[in-house]
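Reproduced below: input_39.pdb, with PDB, C-alpha atoms.
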ATOM      1  CA  MET A 220      44.868 243.088 117.350
ATOM      2  CA  LYS A 221      44.234 245.204 114.276
ATOM      3  CA  HIS A 222      40.781 246.090 115.606
ATOM      4  CA  PHE A 223      42.300 247.282 118.861
ATOM      5  CA  LEU A 224      44.930 249.343 117.063
ATOM      6  CA  LEU A 225      42.269 250.976 114.917
ATOM      7  CA  MET A 226      40.295 251.793 118.035
ATOM      8  CA  ILE A 227      43.414 253.392 119.549
ATOM      9  CA  VAL A 228      43.990 255.462 116.401
ATOM     10  CA  PHE A 229      40.335 256.511 116.301
ATOM     11  CA  ALA A 230      40.403 257.487 119.989
ATOM     12  CA  ALA A 231      43.609 259.472 119.436
ATOM     13  CA  PHE A 232      42.077 261.460 116.551
ATOM     14  CA  VAL A 233      38.931 262.290 118.496
ATOM     15  CA  ALA A 234      40.844 263.093 121.694
ATOM     16  CA  LEU A 235      43.132 265.460 119.813
ATOM     17  CA  ILE A 236      40.280 267.503 118.359
ATOM     18  CA  PHE A 237      38.310 267.499 121.613
ATOM     19  CA  GLY A 238      41.429 268.540 123.489
ATOM     20  CA  ILE A 239      42.021 271.399 121.047
ATOM     21  CA  VAL A 240      38.508 272.848 121.152
ATOM     22  CA  GLY A 241      37.326 271.765 124.595
ATOM     23  CA  ARG A 242      39.743 273.588 126.877
ATOM     24  CA  GLU A 243      41.912 276.692 127.000
ATOM     25  CA  GLY A 244      45.605 276.569 127.895
ATOM     26  CA  GLY A 245      48.216 273.977 127.010
ATOM     27  CA  ARG A 246      48.145 271.901 130.196
ATOM     28  CA  GLU A 247      44.346 271.802 130.386
ATOM     29  CA  ARG A 248      44.120 270.773 126.754
ATOM     30  CA  LEU A 249      46.634 267.977 127.236
ATOM     31  CA  LEU A 250      44.894 266.639 130.332
ATOM     32  CA  TYR A 251      41.453 266.856 128.729
ATOM     33  CA  GLY A 252      42.695 265.117 125.587
ATOM     34  CA  LEU A 253      44.264 262.330 127.639
ATOM     35  CA  LYS A 254      41.048 261.962 129.621
ATOM     36  CA  ILE A 255      38.957 261.684 126.449
ATOM     37  CA  PHE A 256      41.431 259.170 125.009
ATOM     38  CA  ALA A 257      41.348 257.034 128.159
ATOM     39  CA  GLU A 258      37.548 257.154 128.235
ATOM     40  CA  PHE A 259      37.247 256.061 124.616
ATOM     41  CA  VAL A 260      39.651 253.151 125.081
ATOM     42  CA  GLY A 261      38.223 252.199 128.477
ATOM     43  CA  VAL A 262      34.607 252.251 127.329
ATOM     44  CA  GLY A 263      35.563 250.368 124.150
ATOM     45  CA  LEU A 264      37.292 247.623 126.110
ATOM     46  CA  GLY A 265      34.439 247.511 128.627
ATOM     47  CA  LEU A 266      31.825 247.134 125.908
ATOM     48  CA  ALA A 267      33.907 244.502 124.114
ATOM     49  CA  TRP A 268      34.248 242.533 127.353
ATOM     50  CA  MET A 269      30.496 242.742 128.011
ATOM     51  CA  LEU A 270      29.567 241.712 124.478
ATOM     52  CA  TYR A 271      31.995 238.781 124.627
ATOM     53  CA  TRP A 272      29.749 237.033 127.149
ATOM     54  CA  ILE A 273      26.564 237.526 125.177
ATOM     55  CA  PRO A 274      26.076 234.324 123.155
ATOM     56  CA  TRP A 275      24.272 235.817 120.138
TER      57      TRP A 275
ATOM     58  CA  MET B   6      40.171 286.107 127.778
ATOM     59  CA  ALA B   7      36.645 287.458 128.166
ATOM     60  CA  ALA B   8      34.594 287.826 125.017
ATOM     61  CA  ASP B   9      33.756 291.315 123.904
ATOM     62  CA  PRO B  10      30.018 291.510 123.166
ATOM     63  CA  LYS B  11      30.563 294.362 120.726
ATOM     64  CA  THR B  12      32.909 292.229 118.672
ATOM     65  CA  THR B  13      30.371 289.410 118.784
ATOM     66  CA  ARG B  14      27.717 291.629 117.272
ATOM     67  CA  SER B  15      29.871 293.548 114.836
ATOM     68  CA  ASN B  16      31.600 290.655 113.058
ATOM     69  CA  PRO B  17      29.045 287.971 112.227
ATOM     70  CA  ALA B  18      30.014 287.970 108.547
ATOM     71  CA  LYS B  19      33.679 287.417 109.406
ATOM     72  CA  ALA B  20      32.774 284.572 111.770
ATOM     73  CA  TRP B  21      30.623 282.859 109.139
ATOM     74  CA  LEU B  22      33.348 283.297 106.541
ATOM     75  CA  LEU B  23      35.966 281.781 108.852
ATOM     76  CA  ALA B  24      33.668 278.867 109.652
ATOM     77  CA  PHE B  25      33.073 278.296 105.934
ATOM     78  CA  ILE B  26      36.803 278.458 105.179
ATOM     79  CA  GLY B  27      37.471 276.116 108.096
ATOM     80  CA  TRP B  28      34.928 273.660 106.751
ATOM     81  CA  LEU B  29      36.314 273.896 103.212
ATOM     82  CA  LEU B  30      39.977 273.447 104.195
ATOM     83  CA  PRO B  31      40.366 271.769 107.599
ATOM     84  CA  GLY B  32      42.294 273.997 109.998
ATOM     85  CA  LEU B  33      42.350 277.090 107.792
ATOM     86  CA  GLY B  34      39.654 278.812 109.830
ATOM     87  CA  HIS B  35      42.019 278.778 112.794
ATOM     88  CA  LEU B  36      45.136 279.588 110.805
ATOM     89  CA  GLY B  37      43.363 282.673 109.427
ATOM     90  CA  GLN B  38      42.897 283.919 112.967
ATOM     91  CA  GLY B  39      46.458 283.320 114.099
ATOM     92  CA  CYS B  40      45.742 280.070 115.971
ATOM     93  CA  VAL B  41      48.598 278.326 114.184
ATOM     94  CA  LEU B  42      49.051 275.265 116.404
ATOM     95  CA  LYS B  43      45.312 274.668 116.677
ATOM     96  CA  GLY B  44      44.923 275.002 112.925
ATOM     97  CA  PHE B  45      47.798 272.703 112.010
ATOM     98  CA  LEU B  46      46.950 270.020 114.570
ATOM     99  CA  GLY B  47      43.232 270.111 113.841
ATOM    100  CA  GLY B  48      43.634 270.190 110.089
ATOM    101  CA  ALA B  49      46.235 267.422 110.076
ATOM    102  CA  THR B  50      44.021 265.242 112.259
ATOM    103  CA  VAL B  51      41.021 265.609 109.967
ATOM    104  CA  VAL B  52      43.075 264.964 106.823
ATOM    105  CA  LEU B  53      44.798 261.986 108.453
ATOM    106  CA  ALA B  54      41.486 260.512 109.601
ATOM    107  CA  PHE B  55      40.184 260.901 106.050
ATOM    108  CA  LEU B  56      43.260 259.219 104.561
ATOM    109  CA  VAL B  57      43.168 256.370 107.076
ATOM    110  CA  GLY B  58      39.489 255.904 106.240
ATOM    111  CA  THR B  59      40.127 255.655 102.521
ATOM    112  CA  SER B  60      43.155 253.377 103.000
ATOM    113  CA  LEU B  61      41.005 251.012 105.072
ATOM    114  CA  GLY B  62      38.582 250.712 102.164
ATOM    115  CA  GLY B  63      35.931 253.127 103.378
ATOM    116  CA  HIS B  64      33.773 254.998 100.942
ATOM    117  CA  ILE B  65      31.954 258.302 100.750
ATOM    118  CA  TYR B  66      28.178 258.158 101.014
ATOM    119  CA  THR B  67      26.047 260.250  98.758
ATOM    120  CA  PHE B  68      22.853 261.711 100.173
ATOM    121  CA  GLN B  69      20.834 259.293  98.065
ATOM    122  CA  ASP B  70      22.737 256.044  98.543
ATOM    123  CA  SER B  71      20.094 253.461  97.681
ATOM    124  CA  GLY B  72      21.670 250.716  99.764
ATOM    125  CA  GLU B  73      21.351 252.498 103.108
ATOM    126  CA  GLY B  74      17.927 254.102 102.781
ATOM    127  CA  LEU B  75      17.305 257.102 105.029
ATOM    128  CA  LEU B  76      20.556 256.506 106.914
ATOM    129  CA  SER B  77      22.454 257.573 103.814
ATOM    130  CA  ILE B  78      21.276 261.159 104.446
ATOM    131  CA  LEU B  79      22.878 261.022 107.880
ATOM    132  CA  PHE B  80      26.024 259.316 106.597
ATOM    133  CA  GLY B  81      26.236 261.747 103.687
ATOM    134  CA  PHE B  82      25.951 264.682 106.095
ATOM    135  CA  CYS B  83      28.809 263.261 108.202
ATOM    136  CA  ASN B  84      30.977 262.773 105.101
ATOM    137  CA  ALA B  85      30.166 266.257 103.815
ATOM    138  CA  GLY B  86      31.917 267.700 106.868
ATOM    139  CA  SER B  87      35.279 266.950 105.272
ATOM    140  CA  GLY B  88      34.840 269.961 103.003
ATOM    141  CA  LEU B  89      37.146 270.022 100.020
ATOM    142  CA  LEU B  90      38.169 266.390 100.579
ATOM    143  CA  TYR B  91      34.508 265.411 100.267
ATOM    144  CA  LEU B  92      33.950 267.587  97.210
ATOM    145  CA  PHE B  93      37.105 266.207  95.595
ATOM    146  CA  SER B  94      35.913 262.648  96.199
ATOM    147  CA  ARG B  95      32.470 263.386  94.808
ATOM    148  CA  MET B  96      33.864 265.026  91.680
ATOM    149  CA  SER B  97      36.743 262.651  90.986
ATOM    150  CA  GLY B  98      35.106 259.415  92.103
ATOM    151  CA  PHE B  99      37.895 258.781  94.614
ATOM    152  CA  ALA B 100      36.736 256.483  97.444
ATOM    153  CA  MET B 101      33.201 256.491  96.102
ATOM    154  CA  ASN B 102      32.898 252.742  95.588
ATOM    155  CA  GLU B 103      31.983 250.399  98.401
ATOM    156  CA  GLN B 104      34.515 247.617  99.013
ATOM    157  CA  PRO B 105      32.658 244.989 101.045
ATOM    158  CA  ALA B 106      35.342 242.361 100.339
ATOM    159  CA  LEU B 107      37.753 244.259 102.576
ATOM    160  CA  ALA B 108      37.360 243.319 106.236
ATOM    161  CA  THR B 109      38.213 246.857 107.338
ATOM    162  CA  SER B 110      35.859 248.705 104.988
ATOM    163  CA  GLU B 111      33.310 249.395 107.752
ATOM    164  CA  TYR B 112      36.079 250.819 109.917
ATOM    165  CA  GLY B 113      37.052 252.970 106.970
ATOM    166  CA  ASN B 114      33.490 254.279 106.670
ATOM    167  CA  VAL B 115      33.525 255.221 110.352
ATOM    168  CA  PHE B 116      36.865 257.000 110.027
ATOM    169  CA  LEU B 117      35.570 258.962 107.030
ATOM    170  CA  MET B 118      32.414 259.990 108.864
ATOM    171  CA  ALA B 119      34.379 260.878 111.994
ATOM    172  CA  ALA B 120      36.735 263.028 109.894
ATOM    173  CA  GLY B 121      33.736 265.000 108.649
ATOM    174  CA  LEU B 122      32.183 265.406 112.083
ATOM    175  CA  LEU B 123      35.486 266.456 113.637
ATOM    176  CA  ASN B 124      35.894 269.060 110.925
ATOM    177  CA  PHE B 125      32.393 270.383 111.686
ATOM    178  CA  ILE B 126      33.529 270.816 115.302
ATOM    179  CA  LEU B 127      36.673 272.620 114.144
ATOM    180  CA  ALA B 128      34.649 274.898 111.866
ATOM    181  CA  LEU B 129      32.260 275.735 114.721
ATOM    182  CA  ASP B 130      35.245 276.491 116.940
ATOM    183  CA  ALA B 131      36.621 278.809 114.252
ATOM    184  CA  PHE B 132      33.203 280.493 114.161
ATOM    185  CA  ASP B 133      33.252 280.998 117.937
ATOM    186  CA  ILE B 134      36.733 282.514 117.789
ATOM    187  CA  GLY B 135      35.726 284.752 114.902
ATOM    188  CA  ALA B 136      32.625 285.890 116.796
ATOM    189  CA  GLY B 137      34.708 286.723 119.858
ATOM    190  CA  ARG B 138      33.198 284.049 122.086
ATOM    191  CA  LYS B 139      36.486 282.175 122.454
ATOM    192  CA  SER B 140      40.138 283.054 122.223
TER     193      SER B 140
END

Please lay out the structure from this file as structure tokens.
Amino acid sequence: MKHFLLMIVFAAFVALIFGIVGREGGRERLLYGLKIFAEFVGVGLGLAWMLYWIPW
Amino acid sequence: MAADPKTTRSNPAKAWLLAFIGWLLPGLGHLGQGCVLKGFLGGATVVLAFLVGTSLGGHIYTFQDSGEGLLSILFGFCNAGSGLLYLFSRMSGFAMNEQPALATSEYGNVFLMAAGLLNFILALDAFDIGAGRKS
């Protein structure tokens, strides 16, 4: 669980900075930041699930 | 807001200075240009990422870390992005020792490197604003 929480924190930090510099305007920044956050967490979970089935 | 090409050409020194200040003190490059929210949020994120990294047992890489070989140059470059936090660590010895006994030390290393890279992005953004390419 700690690993997952750290991944969430990491994704939040990165999403915040990307949201700040990647778009103009409050709403666009918020949406872009949320998108980046969801992508980080989604890809992380996807990779973890894939690696779980690899036996080595 | 559209960028003014004249401003872009006439203020390169100011843009470089703002980028340097932004690198040295996370967020200050934006604060100096009136982007208060951007500066505070960005700076706080970088500092927080750095603090989380050190609290997890991460350490700062030097450019000649013998244990990592050539990768230490890359890791050192990432860490150097933290500006004054990096310089403080190098000079004071804070977070300079590897702590392999801690299970989260590798996570800490990643947080520290990410803090540096994120601050590089912030500094480049401050440069773009200073050069008139962004608002």

From the list A:Leu266, A:Glu247, A:Val260, A:Val233, which residue is nearest chain B when using all atoms listed in the file?
-> A:Val233

In Å to one decimal, how far is atom CA of A:Leu224 from atom CA of A:Gly265?
->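 Atom CA of A:Leu224 lies 15.7 Å from atom CA of A:Gly265.
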
Chain A contacts to chain B at 7 Å (all atoms listed in the file) as a PDB file with C-alpha atoms, in the frame of the given file:
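So the final result, stored in iface_35.pdb, reads:
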ATOM      1  CA  PHE A 232      42.077 261.460 116.551  1.00  0.00           C
ATOM      2  CA  ILE A 236      40.280 267.503 118.359  1.00  0.00           C
ATOM      3  CA  ILE A 239      42.021 271.399 121.047  1.00  0.00           C
ATOM      4  CA  VAL A 240      38.508 272.848 121.152  1.00  0.00           C
TER       5      VAL A 240
END

Exercise: A:Ala230 partners within 10 Å, only C-alpha atoms, chain neighbours under 3 positions left out, as JSON, numbers by chain | {"A": [224, 225, 226, 227, 233, 234, 235, 252, 253, 255, 256, 257, 258, 259, 260, 263]}

Could you write out as an MDAnalysis selection string the residues that the PyMOL selection byres ((chain B and resi 99) around 12) matches in the shown file?
-> chainID B and resid 55:56 59:60 62:66 90:98 100:103

Residue contacts of B:Phe68 (7 Å, only C-alpha atoms) excluding same-chain residues fewer than 2 positions away, as a PDB file with C-alpha atoms, keeping the file's coordinate frame:
ATOM      1  CA  TYR B  66      28.178 258.158 101.014  1.00  0.00           C
ATOM      2  CA  ASP B  70      22.737 256.044  98.543  1.00  0.00           C
ATOM      3  CA  SER B  77      22.454 257.573 103.814  1.00  0.00           C
ATOM      4  CA  ILE B  78      21.276 261.159 104.446  1.00  0.00           C
ATOM      5  CA  GLY B  81      26.236 261.747 103.687  1.00  0.00           C
TER       6      GLY B  81
END

Could you check how far atom CA of B:Cys83 sits from atom CA of B:Gly121, in Å to one decimal?
->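 Pair atom CA of B:Cys83 / atom CA of B:Gly121 returns 5.2 Å.
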
Among the residues B:Ala108, B:Leu89, B:Ala128, B:Ala136, the one that comes closest to B:Leu30 [using all atoms listed in the file] |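 When distances to B:Leu30 are compared using all atoms listed in the file, the smallest one comes from B:Leu89.
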
At what distance in Å, to one decimal, does atom CA of A:Ile273 lie from atom CA of A:Lys221?
->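 Going from atom CA of A:Lys221 over to atom CA of A:Ile273, I get 22.1 Å.
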